[in-house]
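K.L.:
Sharing protein.txt, compact mmCIF, C-alpha atoms and all ligand atoms:
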# COMPACT_ATOMS: atom_id res chain seq x y z
CA MET R 1 6.97 -3.74 21.53
CA GLY R 2 7.79 -4.80 25.09
CA ASN R 3 7.60 -1.19 26.23
CA LEU R 4 4.40 -0.63 24.37
CA ALA R 5 2.84 -3.64 26.12
CA LEU R 6 3.81 -2.40 29.58
CA MET R 7 2.60 1.12 28.99
CA LEU R 8 -0.61 -0.23 27.56
CA ALA R 9 -1.34 -2.31 30.62
CA ALA R 10 -1.01 0.86 32.69
CA SER R 11 -3.04 3.05 30.39
CA PHE R 12 -5.93 0.63 30.17
CA THR R 13 -6.35 0.53 33.92
CA THR R 14 -5.94 4.25 34.62
CA LEU R 15 -6.99 6.26 31.64
CA ALA R 16 -9.62 4.35 29.76
CA HIS R 17 -13.05 5.76 30.32
CA ALA R 18 -16.45 5.32 28.80
CA GLN R 19 -17.06 8.15 26.36
CA SER R 20 -20.56 9.37 25.87
CA GLN R 21 -20.82 8.77 22.17
CA ASP R 22 -23.62 7.77 19.91
CA PRO R 23 -23.30 3.95 19.92
CA ALA R 24 -24.04 3.87 16.22
CA THR R 25 -21.18 6.23 15.30
CA LEU R 26 -17.64 4.96 15.14
CA ASN R 27 -14.46 6.97 15.31
CA VAL R 28 -12.16 5.83 12.47
CA LEU R 29 -8.48 6.71 12.12
CA HIS R 30 -6.72 6.40 8.77
CA TRP R 31 -4.50 8.35 6.38
CA TRP R 32 -6.71 8.65 3.31
CA THR R 33 -6.56 12.39 2.79
CA SER R 34 -5.72 12.92 -0.90
CA ALA R 35 -8.50 13.66 -3.40
CA GLY R 36 -8.77 10.03 -4.56
CA GLU R 37 -8.45 8.58 -1.08
CA LYS R 38 -11.13 10.93 0.25
CA ARG R 39 -13.44 10.04 -2.59
CA ALA R 40 -13.04 6.36 -1.71
CA VAL R 41 -13.74 6.99 1.98
CA ASP R 42 -16.80 9.05 1.02
CA GLN R 43 -18.23 5.96 -0.69
CA LEU R 44 -17.96 4.05 2.58
CA VAL R 45 -19.35 6.90 4.69
CA LEU R 46 -22.36 7.33 2.40
CA GLN R 47 -23.27 3.68 2.23
CA LEU R 48 -22.70 3.07 5.94
CA ASP R 49 -24.90 6.04 6.74
CA LYS R 50 -27.73 4.51 4.70
CA ARG R 51 -27.40 1.39 6.83
CA GLY R 52 -27.50 3.26 10.12
CA LEU R 53 -23.82 3.42 10.97
CA GLY R 54 -22.02 6.75 11.41
CA TRP R 55 -18.33 7.29 10.57
CA ASN R 56 -16.58 9.94 12.61
CA ASP R 57 -13.50 10.73 10.56
CA ALA R 58 -10.08 10.98 12.23
CA ALA R 59 -7.81 11.28 9.21
CA ILE R 60 -4.11 12.03 9.65
CA PRO R 61 -2.44 13.26 6.43
CA GLY R 62 0.81 11.74 5.21
CA GLY R 63 1.42 9.24 2.42
CA GLY R 64 2.11 5.66 3.47
CA GLY R 65 0.70 6.38 6.94
CA MET R 66 4.00 7.65 8.36
CA ALA R 67 2.28 10.19 10.64
CA ALA R 68 -0.98 8.30 11.16
CA VAL R 69 0.66 5.26 12.73
CA LYS R 70 2.51 7.50 15.22
CA VAL R 71 -0.69 9.32 16.21
CA LEU R 72 -2.51 6.02 16.49
CA LYS R 73 0.17 4.59 18.78
CA GLY R 74 -0.09 7.70 20.94
CA ARG R 75 -3.85 7.37 21.24
CA VAL R 76 -3.63 3.70 22.12
CA LEU R 77 -1.02 4.45 24.80
CA ALA R 78 -3.22 7.22 26.22
CA GLY R 79 -6.07 4.75 26.58
CA ASP R 80 -8.12 6.53 23.95
CA PRO R 81 -7.94 4.33 20.84
CA PRO R 82 -10.25 5.07 17.94
CA ASP R 83 -12.98 2.45 17.41
CA ALA R 84 -11.46 1.38 14.11
CA ALA R 85 -8.21 2.16 12.34
CA GLN R 86 -6.23 1.33 9.25
CA VAL R 87 -3.74 -1.04 10.88
CA ILE R 88 -2.06 -3.27 8.36
CA GLY R 89 0.30 -6.18 7.85
CA ARG R 90 2.90 -6.84 10.53
CA THR R 91 1.68 -3.90 12.59
CA LEU R 92 -1.73 -5.56 12.68
CA THR R 93 -0.39 -8.92 13.79
CA ASP R 94 1.88 -7.30 16.40
CA TRP R 95 -1.10 -5.44 17.82
CA ALA R 96 -3.24 -8.57 17.75
CA ASP R 97 -0.56 -10.29 19.85
CA LEU R 98 -0.91 -7.47 22.39
CA GLY R 99 -4.66 -8.05 22.60
CA LEU R 100 -5.44 -4.63 21.15
CA VAL R 101 -7.82 -5.70 18.41
CA LEU R 102 -11.25 -7.24 18.48
CA PRO R 103 -11.38 -10.72 16.89
CA LEU R 104 -13.90 -10.88 14.04
CA ASP R 105 -14.27 -14.64 13.62
CA GLU R 106 -18.06 -14.60 13.83
CA VAL R 107 -18.40 -11.82 11.28
CA ALA R 108 -16.07 -13.72 8.97
CA GLN R 109 -18.03 -16.92 9.42
CA ARG R 110 -21.41 -15.30 8.86
CA GLY R 111 -20.07 -13.50 5.77
CA ARG R 112 -18.45 -16.69 4.46
CA TRP R 113 -15.15 -14.89 4.02
CA LYS R 114 -13.37 -18.23 3.50
CA SER R 115 -15.20 -18.90 0.26
CA THR R 116 -15.66 -15.34 -1.00
CA MET R 117 -12.24 -13.74 -0.48
CA PHE R 118 -8.86 -14.15 -2.11
CA PRO R 119 -6.74 -16.62 -0.10
CA VAL R 120 -3.97 -14.05 0.26
CA VAL R 121 -6.44 -11.59 1.81
CA LEU R 122 -7.62 -14.18 4.33
CA GLN R 123 -4.03 -14.94 5.18
CA VAL R 124 -3.31 -11.25 5.83
CA VAL R 125 -6.28 -10.82 8.21
CA THR R 126 -5.81 -14.13 10.04
CA HIS R 127 -3.38 -14.40 12.93
CA GLY R 128 -3.02 -17.21 15.43
CA GLY R 129 -6.12 -18.84 13.95
CA ARG R 130 -8.29 -15.76 14.48
CA VAL R 131 -9.58 -13.12 12.10
CA VAL R 132 -8.16 -9.81 13.34
CA ALA R 133 -9.31 -7.18 10.82
CA ALA R 134 -11.77 -6.40 8.06
CA PRO R 135 -10.10 -6.19 4.65
CA LEU R 136 -11.02 -3.23 2.46
CA GLY R 137 -9.05 -3.61 -0.74
CA VAL R 138 -5.86 -4.89 -2.36
CA HIS R 139 -3.35 -2.47 -3.81
CA ARG R 140 -0.85 -3.51 -6.47
CA ILE R 141 2.54 -1.94 -5.84
CA ASN R 142 4.31 -3.09 -9.02
CA THR R 143 2.48 -0.62 -11.23
CA LEU R 144 4.05 1.57 -13.89
CA PHE R 145 1.74 4.42 -14.91
CA TYR R 146 2.30 6.26 -18.18
CA ASN R 147 0.69 9.24 -19.83
CA GLN R 148 -1.41 8.16 -22.83
CA ALA R 149 -1.38 11.50 -24.68
CA LEU R 150 2.43 11.55 -24.63
CA TRP R 151 2.57 7.91 -25.70
CA ALA R 152 0.28 8.62 -28.64
CA ARG R 153 2.06 11.84 -29.65
CA LEU R 154 5.52 10.26 -29.55
CA LYS R 155 4.26 6.93 -30.95
CA LEU R 156 5.78 4.95 -28.11
CA ALA R 157 5.35 1.25 -27.43
CA PRO R 158 3.75 0.30 -24.10
CA PRO R 159 6.63 0.03 -21.61
CA ARG R 160 6.84 -3.72 -21.05
CA THR R 161 10.62 -4.19 -20.71
CA TRP R 162 13.40 -2.05 -19.24
CA ASP R 163 14.56 -1.49 -22.83
CA ASP R 164 11.12 -0.05 -23.66
CA VAL R 165 11.40 2.20 -20.63
CA SER R 166 14.86 3.32 -21.71
CA GLN R 167 13.72 4.08 -25.27
CA ALA R 168 10.62 5.89 -24.08
CA ALA R 169 12.79 7.91 -21.68
CA ALA R 170 15.08 9.01 -24.51
CA ALA R 171 12.12 10.06 -26.68
CA LEU R 172 10.47 11.90 -23.80
CA ARG R 173 13.69 13.72 -23.01
CA ARG R 174 14.05 14.78 -26.66
CA ALA R 175 10.50 16.15 -26.45
CA GLY R 176 11.44 18.17 -23.35
CA VAL R 177 9.45 15.98 -20.96
CA THR R 178 10.84 14.53 -17.70
CA PRO R 179 10.81 10.77 -18.32
CA LEU R 180 9.92 9.67 -14.80
CA ALA R 181 8.16 11.44 -11.93
CA TRP R 182 10.09 10.83 -8.72
CA SER R 183 10.26 11.64 -5.04
CA ASP R 184 13.13 11.10 -2.61
CA GLU R 185 10.70 10.66 0.29
CA PRO R 186 12.04 7.48 1.96
CA TRP R 187 8.81 5.46 1.85
CA GLN R 188 8.39 6.29 -1.85
CA VAL R 189 11.96 5.24 -2.66
CA ALA R 190 11.33 2.00 -0.75
CA THR R 191 8.11 1.47 -2.69
CA VAL R 192 9.91 1.76 -6.04
CA PHE R 193 12.81 -0.36 -4.82
CA GLU R 194 10.74 -3.38 -3.82
CA THR R 195 9.25 -3.52 -7.31
CA LEU R 196 12.85 -3.68 -8.58
CA LEU R 197 13.67 -6.50 -6.17
CA LEU R 198 10.78 -8.41 -7.69
CA SER R 199 11.79 -7.44 -11.23
CA GLU R 200 15.49 -8.30 -10.90
CA GLY R 201 15.16 -11.10 -8.37
CA GLY R 202 12.00 -12.87 -9.46
CA ALA R 203 9.28 -14.15 -7.17
CA SER R 204 11.38 -16.83 -5.41
CA LEU R 205 14.21 -14.55 -4.32
CA TYR R 206 11.67 -11.87 -3.39
CA ALA R 207 9.87 -14.37 -1.15
CA GLU R 208 13.13 -15.06 0.68
CA LEU R 209 13.87 -11.35 1.03
CA ALA R 210 10.41 -10.70 2.41
CA ALA R 211 10.52 -13.62 4.82
CA ALA R 212 13.85 -12.24 6.11
CA GLN R 213 14.65 -15.66 7.51
CA ARG R 214 17.80 -15.83 5.47
CA PRO R 215 19.52 -12.44 5.58
CA ALA R 216 22.08 -13.93 3.18
CA ALA R 217 19.44 -13.57 0.45
CA TRP R 218 19.96 -9.80 0.74
CA ALA R 219 23.60 -10.35 -0.24
CA ASP R 220 22.50 -11.88 -3.57
CA ALA R 221 23.88 -10.32 -6.76
CA ARG R 222 20.32 -9.62 -7.92
CA VAL R 223 19.78 -7.23 -5.00
CA LEU R 224 22.84 -5.33 -6.22
CA ARG R 225 21.28 -5.19 -9.68
CA ALA R 226 18.08 -3.78 -8.17
CA LEU R 227 20.11 -1.04 -6.45
CA THR R 228 21.85 -0.18 -9.70
CA ARG R 229 18.46 -0.06 -11.42
CA LEU R 230 17.14 2.21 -8.65
CA ARG R 231 19.97 4.67 -9.25
CA TRP R 232 19.31 4.56 -12.99
CA LEU R 233 15.62 5.30 -12.48
CA ARG R 234 16.36 8.27 -10.27
CA GLN R 235 18.61 9.64 -12.97
CA LEU R 236 15.66 9.45 -15.38
CA ALA R 237 13.90 11.90 -13.09
CA GLY R 238 16.45 14.66 -13.77
CA ASP R 239 18.61 16.51 -11.27
CA ALA R 240 17.95 16.18 -7.53
CA PRO R 241 14.19 15.75 -7.68
CA GLY R 242 13.57 16.37 -3.94
CA GLU R 243 11.03 14.89 -1.54
CA GLN R 244 7.69 15.73 -3.06
CA ARG R 245 4.40 14.20 -1.99
CA TRP R 246 3.17 11.28 -4.08
CA THR R 247 0.22 13.39 -5.23
CA ASN R 248 2.66 15.89 -6.78
CA SER R 249 4.31 13.10 -8.76
CA ALA R 250 0.86 11.96 -9.87
CA ARG R 251 0.10 15.55 -10.90
CA GLN R 252 3.27 15.68 -13.04
CA LEU R 253 2.17 12.52 -14.78
CA TYR R 254 -1.40 13.71 -15.25
CA ARG R 255 -0.33 17.01 -16.78
CA GLY R 256 2.19 15.37 -19.05
CA ASP R 257 5.10 17.09 -17.31
CA ALA R 258 6.44 13.60 -16.67
CA GLY R 259 5.90 10.52 -18.83
CA MET R 260 5.97 7.70 -16.27
CA LEU R 261 5.54 6.99 -12.58
CA ILE R 262 6.18 3.82 -10.58
CA MET R 263 3.92 3.74 -7.53
CA GLY R 264 1.16 1.73 -5.87
CA ASP R 265 -2.15 1.92 -7.70
CA TRP R 266 -3.68 4.42 -5.25
CA VAL R 267 -2.29 6.78 -7.92
CA GLY R 268 -5.09 5.52 -10.20
CA GLY R 269 -7.65 6.63 -7.61
CA GLU R 270 -6.05 10.06 -7.56
CA LEU R 271 -6.01 10.45 -11.34
CA MET R 272 -9.68 9.43 -11.45
CA ALA R 273 -10.55 12.00 -8.80
CA TRP R 274 -9.03 14.65 -11.08
CA GLY R 275 -11.16 13.47 -14.00
CA GLY R 276 -8.66 11.07 -15.54
CA GLN R 277 -9.62 7.76 -17.05
CA ALA R 278 -7.54 4.62 -17.37
CA GLY R 279 -6.99 3.74 -21.02
CA ARG R 280 -7.75 7.27 -22.16
CA ASP R 281 -5.56 9.65 -20.15
CA TYR R 282 -3.20 7.22 -18.51
CA ALA R 283 -2.41 3.54 -18.67
CA CYS R 284 -0.81 0.97 -16.39
CA ALA R 285 1.69 -1.77 -17.06
CA PRO R 286 3.22 -4.12 -14.54
CA VAL R 287 6.75 -2.94 -13.69
CA PRO R 288 8.97 -4.67 -16.31
CA GLU R 289 9.62 -8.36 -15.67
CA THR R 290 6.79 -8.52 -13.13
CA ALA R 291 3.82 -9.40 -15.34
CA ASP R 292 1.90 -12.27 -13.70
CA MET R 293 3.20 -11.12 -10.34
CA HIS R 294 1.23 -9.16 -7.80
CA LEU R 295 3.17 -7.21 -5.22
CA TYR R 296 0.34 -6.54 -2.82
CA SER R 297 -0.58 -4.35 0.09
CA VAL R 298 -3.96 -5.12 1.64
CA ASP R 299 -5.73 -2.24 3.38
CA THR R 300 -7.42 -3.46 6.55
CA LEU R 301 -9.54 -1.90 9.27
CA ALA R 302 -8.79 -3.22 12.73
CA MET R 303 -11.43 -2.81 15.42
CA LEU R 304 -9.61 -1.60 18.50
CA GLN R 305 -10.46 -2.83 21.99
CA SER R 306 -11.41 -0.23 24.54
CA ARG R 307 -13.63 0.24 27.55
CA ARG R 308 -16.21 1.83 25.31
CA GLN R 309 -17.73 -1.54 24.44
CA ARG R 310 -18.46 -0.77 20.81
CA GLY R 311 -18.37 -4.43 19.78
CA PRO R 312 -21.72 -4.68 17.98
CA ALA R 313 -21.14 -1.50 15.92
CA GLN R 314 -17.55 -2.56 15.16
CA GLU R 315 -18.78 -5.94 13.95
CA LYS R 316 -21.41 -4.24 11.84
CA LEU R 317 -18.71 -2.07 10.27
CA ALA R 318 -16.57 -5.13 9.49
CA ASP R 319 -19.55 -6.88 7.96
CA LEU R 320 -20.73 -3.96 5.83
CA VAL R 321 -17.38 -2.91 4.36
CA THR R 322 -16.78 -6.41 3.08
CA GLN R 323 -20.15 -6.67 1.30
CA PRO R 324 -19.97 -6.75 -2.52
CA SER R 325 -21.63 -3.38 -3.18
CA MET R 326 -19.45 -1.49 -0.76
CA GLN R 327 -16.36 -3.32 -1.94
CA LEU R 328 -17.03 -2.22 -5.49
CA ALA R 329 -17.90 1.39 -4.70
CA TYR R 330 -14.87 1.89 -2.47
CA ASN R 331 -12.30 0.12 -4.63
CA GLN R 332 -13.46 1.62 -7.91
CA ALA R 333 -12.60 5.00 -6.39
CA LYS R 334 -9.45 3.93 -4.53
CA GLY R 335 -7.58 2.32 -7.43
CA SER R 336 -7.30 -0.90 -5.44
CA VAL R 337 -9.39 -4.02 -6.11
CA PRO R 338 -12.11 -5.78 -4.12
CA VAL R 339 -10.91 -8.43 -1.69
CA ARG R 340 -13.64 -10.71 -3.03
CA ILE R 341 -13.43 -13.31 -5.77
CA ASP R 342 -17.15 -13.11 -6.56
CA ILE R 343 -17.33 -9.69 -8.20
CA ASP R 344 -17.58 -9.00 -11.91
CA PRO R 345 -14.19 -7.67 -13.14
CA ALA R 346 -15.97 -5.95 -16.04
CA GLN R 347 -16.96 -3.34 -13.46
CA LEU R 348 -13.33 -2.38 -12.89
CA ASP R 349 -11.20 -0.06 -15.03
CA ASP R 350 -8.27 -1.34 -17.14
CA CYS R 351 -5.67 -0.97 -14.39
CA GLU R 352 -7.84 -2.45 -11.66
CA ARG R 353 -9.02 -5.30 -13.87
CA ASP R 354 -5.47 -6.38 -14.62
CA SER R 355 -4.67 -6.30 -10.92
CA TRP R 356 -7.78 -8.31 -9.96
CA GLN R 357 -7.25 -10.85 -12.75
CA THR R 358 -3.61 -11.32 -11.79
CA LEU R 359 -4.72 -12.04 -8.23
CA ALA R 360 -7.41 -14.42 -9.46
CA HIS R 361 -5.17 -16.33 -11.88
CA PRO R 362 -3.90 -19.59 -10.36
CA GLY R 363 -0.52 -19.27 -12.10
CA SER R 364 0.27 -15.83 -10.69
CA ARG R 365 2.80 -15.22 -7.96
CA VAL R 366 1.77 -12.95 -5.11
CA ALA R 367 4.39 -11.10 -3.08
CA PRO R 368 3.90 -9.10 0.14
CA SER R 369 4.98 -5.46 0.21
CA ILE R 370 7.88 -4.77 2.54
CA ALA R 371 7.55 -0.98 2.26
CA HIS R 372 3.85 -1.14 3.20
CA ARG R 373 4.20 -3.35 6.28
CA MET R 374 2.96 -6.65 4.77
CA ALA R 375 6.34 -8.29 5.38
CA ALA R 376 8.22 -6.10 7.83
CA ASP R 377 7.58 -4.42 11.14
CA GLU R 378 7.54 -0.62 11.44
CA SER R 379 11.15 -0.25 12.53
CA THR R 380 12.65 -2.60 9.94
CA LYS R 381 10.74 -1.06 7.06
CA ASP R 382 11.74 2.43 8.25
CA ALA R 383 15.41 1.45 8.57
CA LEU R 384 15.40 -0.06 5.07
CA ALA R 385 13.71 3.04 3.64
CA ASP R 386 16.26 5.33 5.32
CA ALA R 387 19.16 3.33 3.92
CA LEU R 388 17.67 3.48 0.43
CA HIS R 389 17.03 7.18 0.80
CA ARG R 390 20.67 7.74 1.75
CA PHE R 391 21.78 5.71 -1.25
CA VAL R 392 19.74 7.59 -3.83
CA THR R 393 20.54 11.03 -2.42
CA ASP R 394 24.28 10.39 -2.11
CA PRO R 395 25.74 9.70 -5.55
CA ALA R 396 29.09 8.89 -3.95
CA GLN R 397 27.64 5.86 -2.16
CA THR R 398 28.22 2.71 -4.20
CA PRO R 399 25.50 0.10 -4.70
CA GLU R 400 27.84 -2.37 -2.96
CA ARG R 401 27.95 -0.16 0.16
CA ALA R 402 24.17 0.28 0.10
CA GLN R 403 23.74 -3.48 -0.12
CA GLU R 404 25.98 -3.95 2.93
CA ARG R 405 23.69 -1.59 4.85
CA LEU R 406 20.57 -3.51 3.79
CA VAL R 407 22.14 -6.82 4.83
CA ALA R 408 23.12 -5.35 8.22
CA ILE R 409 19.59 -4.05 8.85
CA VAL R 410 17.97 -7.35 8.00
CA LYS R 411 20.49 -9.28 10.13
CA GLY R 412 19.72 -6.96 13.03
CA ALA R 413 15.98 -7.48 12.60
CA ALA R 414 16.36 -11.28 12.42
CA ARG R 415 18.24 -11.38 15.75
C1 LIG X 1 -1.96 2.55 1.78
C2 LIG X 1 -2.91 3.15 0.77
C3 LIG X 1 -2.64 4.64 0.63
C4 LIG X 1 -1.18 4.87 0.32
C5 LIG X 1 -0.79 6.32 0.12
C6 LIG X 1 -0.52 2.92 1.48
O1 LIG X 1 0.32 2.48 2.53
O2 LIG X 1 -2.06 1.15 1.78
O3 LIG X 1 -4.23 2.94 1.17
O4 LIG X 1 -3.48 5.18 -0.36
O5 LIG X 1 -0.40 4.34 1.37
O6 LIG X 1 -1.01 7.08 1.24
As structure tokens, how would this structure be written, given the file I've shared?
P.N.:
Amino acid sequence: MGNLALMLAASFTTLAHAQSQDPATLNVLHWWTSAGEKRAVDQLVLQLDKRGLGWNDAAIPGGGGMAAVKVLKGRVLAGDPPDAAQVIGRTLTDWADLGLVLPLDEVAQRGRWKSTMFPVVLQVVTHGGRVVAAPLGVHRINTLFYNQALWARLKLAPPRTWDDVSQAAAALRRAGVTPLAWSDEPWQVATVFETLLLSEGGASLYAELAAAQRPAAWADARVLRALTRLRWLRQLAGDAPGEQRWTNSARQLYRGDAGMLIMGDWVGGELMAWGGQAGRDYACAPVPETADMHLYSVDTLAMLQSRRQRGPAQEKLADLVTQPSMQLAYNQAKGSVPVRIDIDPAQLDDCERDSWQTLAHPGSRVAPSIAHRMAADESTKDALADALHRFVTDPAQTPERAQERLVAIVKGAAR
């Protein structure tokens, strides 16, 4: 970050220049490029257009934003930041510290965000007492999707416990179906793994792991159990599944080539874009032992500072995307849920409704995603994902060894 700050100071003074752009059109960088993600963005573009604000799309493909964040960093360093970008979690707060994002306190005040949004959402977009981004939607990471037609044909019980998953897997295998769709792509492995940390460790241990203040928590026996569970799940996927895109895993599930998939609920948006319907073609259950828990990743648009002076249009964007109608239209297509507490959950599908109600329920535990930047900076989350990737792709590596690696990474990050 130190380097980034220095280079930024230089780039702002030398390279930044006023671009002759329509003041009512904003350049927006994000990574929503799959069918479902595009459909969700289209909802925003359409509604913004009706309200006189143009959206100039700068989408960088790549699940989990692996490529987009690199491109974005490059553009910021070159003094040519987009007007708005999907910058989330720790990356957002790090960039706010560097003075890269436009504070949105007035928009938040005018829109009464304090009384209309989930507390966890407000917490994610507030840093150093200032509002630093406009929240778009909340994804639930601890989601287990399953194929309804297969469940009906094989008369399977909804997978609520690991035993249910194991029994369903055996029945699916007997029927010639791959039990679990899987990808060895590091960020996807990390996404599955954190749901297992929550499942095996419970919300309290998970909170310690995410806070990373006590690296010793990573040495807990329950982390070892999560690693063993991770290996077991990968075995359910068959031999050496490879690093496929998340949309390919979703396709396997949709076609009934695989029975289950553990992934963030952007998968729901994808299945809908292909004509699927929750409750009819696919269903969702919380990952076993995580009912009443919400492992969240909040998508947020940061308004980036530049010499272009787009402040009024950026504020208008922040205001409009958080309005109820746009929140509903976007999130219904994205698979995530509105950031607002004042919407009618009857308007959401089965998967989304369960997510929204879990967030809204006072007894629920919410947990920040490590794999999706809510609780770790870019380099720590990448190092953890690489270690997990090495573990799942090397059957000779013991869970104990993998745990040592995780502990070492977290110790290094805490230093
Ligand atoms: C983002 C989602 C996106 C998913 C897959 C996550 O990090 O929060 O908005 O759909 O990655 O690309």
K.L.:
Could you tell me, counting only C-alpha atoms and all ligand atoms, which protein and nucleic acid residues lie no more than 9 Å from ligand LIG 1 (chain X), written as a PyMOL selection string?
P.N.:
chain R and resi 30-34+36-37+61-66+86+88+137-139+246-247+264-267+269+297-300+334-336+371-373
K.L.:
Which polymer residues have any atom within 9 Å of an atom of region 313-321 of chain R, counting all atoms listed in the file, with same-chain residues fewer than 2 positions away left out, as a PyMOL selection string?
P.N.:
chain R and resi 23-26+44+47-48+51+53+83-84+102+104+106-108+110-111+133-136+301-304+310-311+323-327+330
K.L.:
Write a file of the just-selected residues containing C-alpha atoms, as a PDB file, in the coordinates of the input.
P.N.:
ATOM      1  CA  PRO R  23     -23.300   3.950  19.920  1.00  0.00           C
ATOM      2  CA  ALA R  24     -24.040   3.870  16.220  1.00  0.00           C
ATOM      3  CA  THR R  25     -21.180   6.230  15.300  1.00  0.00           C
ATOM      4  CA  LEU R  26     -17.640   4.960  15.140  1.00  0.00           C
ATOM      5  CA  LEU R  44     -17.960   4.050   2.580  1.00  0.00           C
ATOM      6  CA  GLN R  47     -23.270   3.680   2.230  1.00  0.00           C
ATOM      7  CA  LEU R  48     -22.700   3.070   5.940  1.00  0.00           C
ATOM      8  CA  ARG R  51     -27.400   1.390   6.830  1.00  0.00           C
ATOM      9  CA  LEU R  53     -23.820   3.420  10.970  1.00  0.00           C
ATOM     10  CA  ASP R  83     -12.980   2.450  17.410  1.00  0.00           C
ATOM     11  CA  ALA R  84     -11.460   1.380  14.110  1.00  0.00           C
ATOM     12  CA  LEU R 102     -11.250  -7.240  18.480  1.00  0.00           C
ATOM     13  CA  LEU R 104     -13.900 -10.880  14.040  1.00  0.00           C
ATOM     14  CA  GLU R 106     -18.060 -14.600  13.830  1.00  0.00           C
ATOM     15  CA  VAL R 107     -18.400 -11.820  11.280  1.00  0.00           C
ATOM     16  CA  ALA R 108     -16.070 -13.720   8.970  1.00  0.00           C
ATOM     17  CA  ARG R 110     -21.410 -15.300   8.860  1.00  0.00           C
ATOM     18  CA  GLY R 111     -20.070 -13.500   5.770  1.00  0.00           C
ATOM     19  CA  ALA R 133      -9.310  -7.180  10.820  1.00  0.00           C
ATOM     20  CA  ALA R 134     -11.770  -6.400   8.060  1.00  0.00           C
ATOM     21  CA  PRO R 135     -10.100  -6.190   4.650  1.00  0.00           C
ATOM     22  CA  LEU R 136     -11.020  -3.230   2.460  1.00  0.00           C
ATOM     23  CA  LEU R 301      -9.540  -1.900   9.270  1.00  0.00           C
ATOM     24  CA  ALA R 302      -8.790  -3.220  12.730  1.00  0.00           C
ATOM     25  CA  MET R 303     -11.430  -2.810  15.420  1.00  0.00           C
ATOM     26  CA  LEU R 304      -9.610  -1.600  18.500  1.00  0.00           C
ATOM     27  CA  ARG R 310     -18.460  -0.770  20.810  1.00  0.00           C
ATOM     28  CA  GLY R 311     -18.370  -4.430  19.780  1.00  0.00           C
ATOM     29  CA  GLN R 323     -20.150  -6.670   1.300  1.00  0.00           C
ATOM     30  CA  PRO R 324     -19.970  -6.750  -2.520  1.00  0.00           C
ATOM     31  CA  SER R 325     -21.630  -3.380  -3.180  1.00  0.00           C
ATOM     32  CA  MET R 326     -19.450  -1.490  -0.760  1.00  0.00           C
ATOM     33  CA  GLN R 327     -16.360  -3.320  -1.940  1.00  0.00           C
ATOM     34  CA  TYR R 330     -14.870   1.890  -2.470  1.00  0.00           C
TER      35      TYR R 330
END
K.L.:
Extract, using only C-alpha atoms, all DNA, RNA and protein residues at most 12 Å from Trp232 (chain R), discarding same-chain residues fewer than 6 positions from it, and format them as a list in words.
P.N.:
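Final neighbour list, sorted by chain and number: Trp162, Val165, Ser166, Ala169, Pro179, Leu180, Trp182, Phe193, Leu196, Arg225, Ala226, Gly238, Val392, Pro395 and Pro399 of chain R.
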K.L.:
Counting all atoms listed in the file, what is within 7 Å of Ala58 (chain R), bar same-chain residues fewer than 4 positions away, as a PyMOL selection string?
P.N.:
chain R and resi 27-30
K.L.:
Just give me the gap between CA of Ala212 (chain R) and CA of Thr358 (chain R) in Å, one decimal is fine.
P.N.:
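Atom-to-atom, CA of Ala212 (chain R) to CA of Thr358 (chain R), that is 25.0 Å.
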K.L.:
Please indicate the distance in Å from CA of Thr143 (chain R) to CA of Gly268 (chain R), rounded to one decimal place.
P.N.:
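One can read the CA of Thr143 (chain R) to CA of Gly268 (chain R) distance as 9.8 Å.
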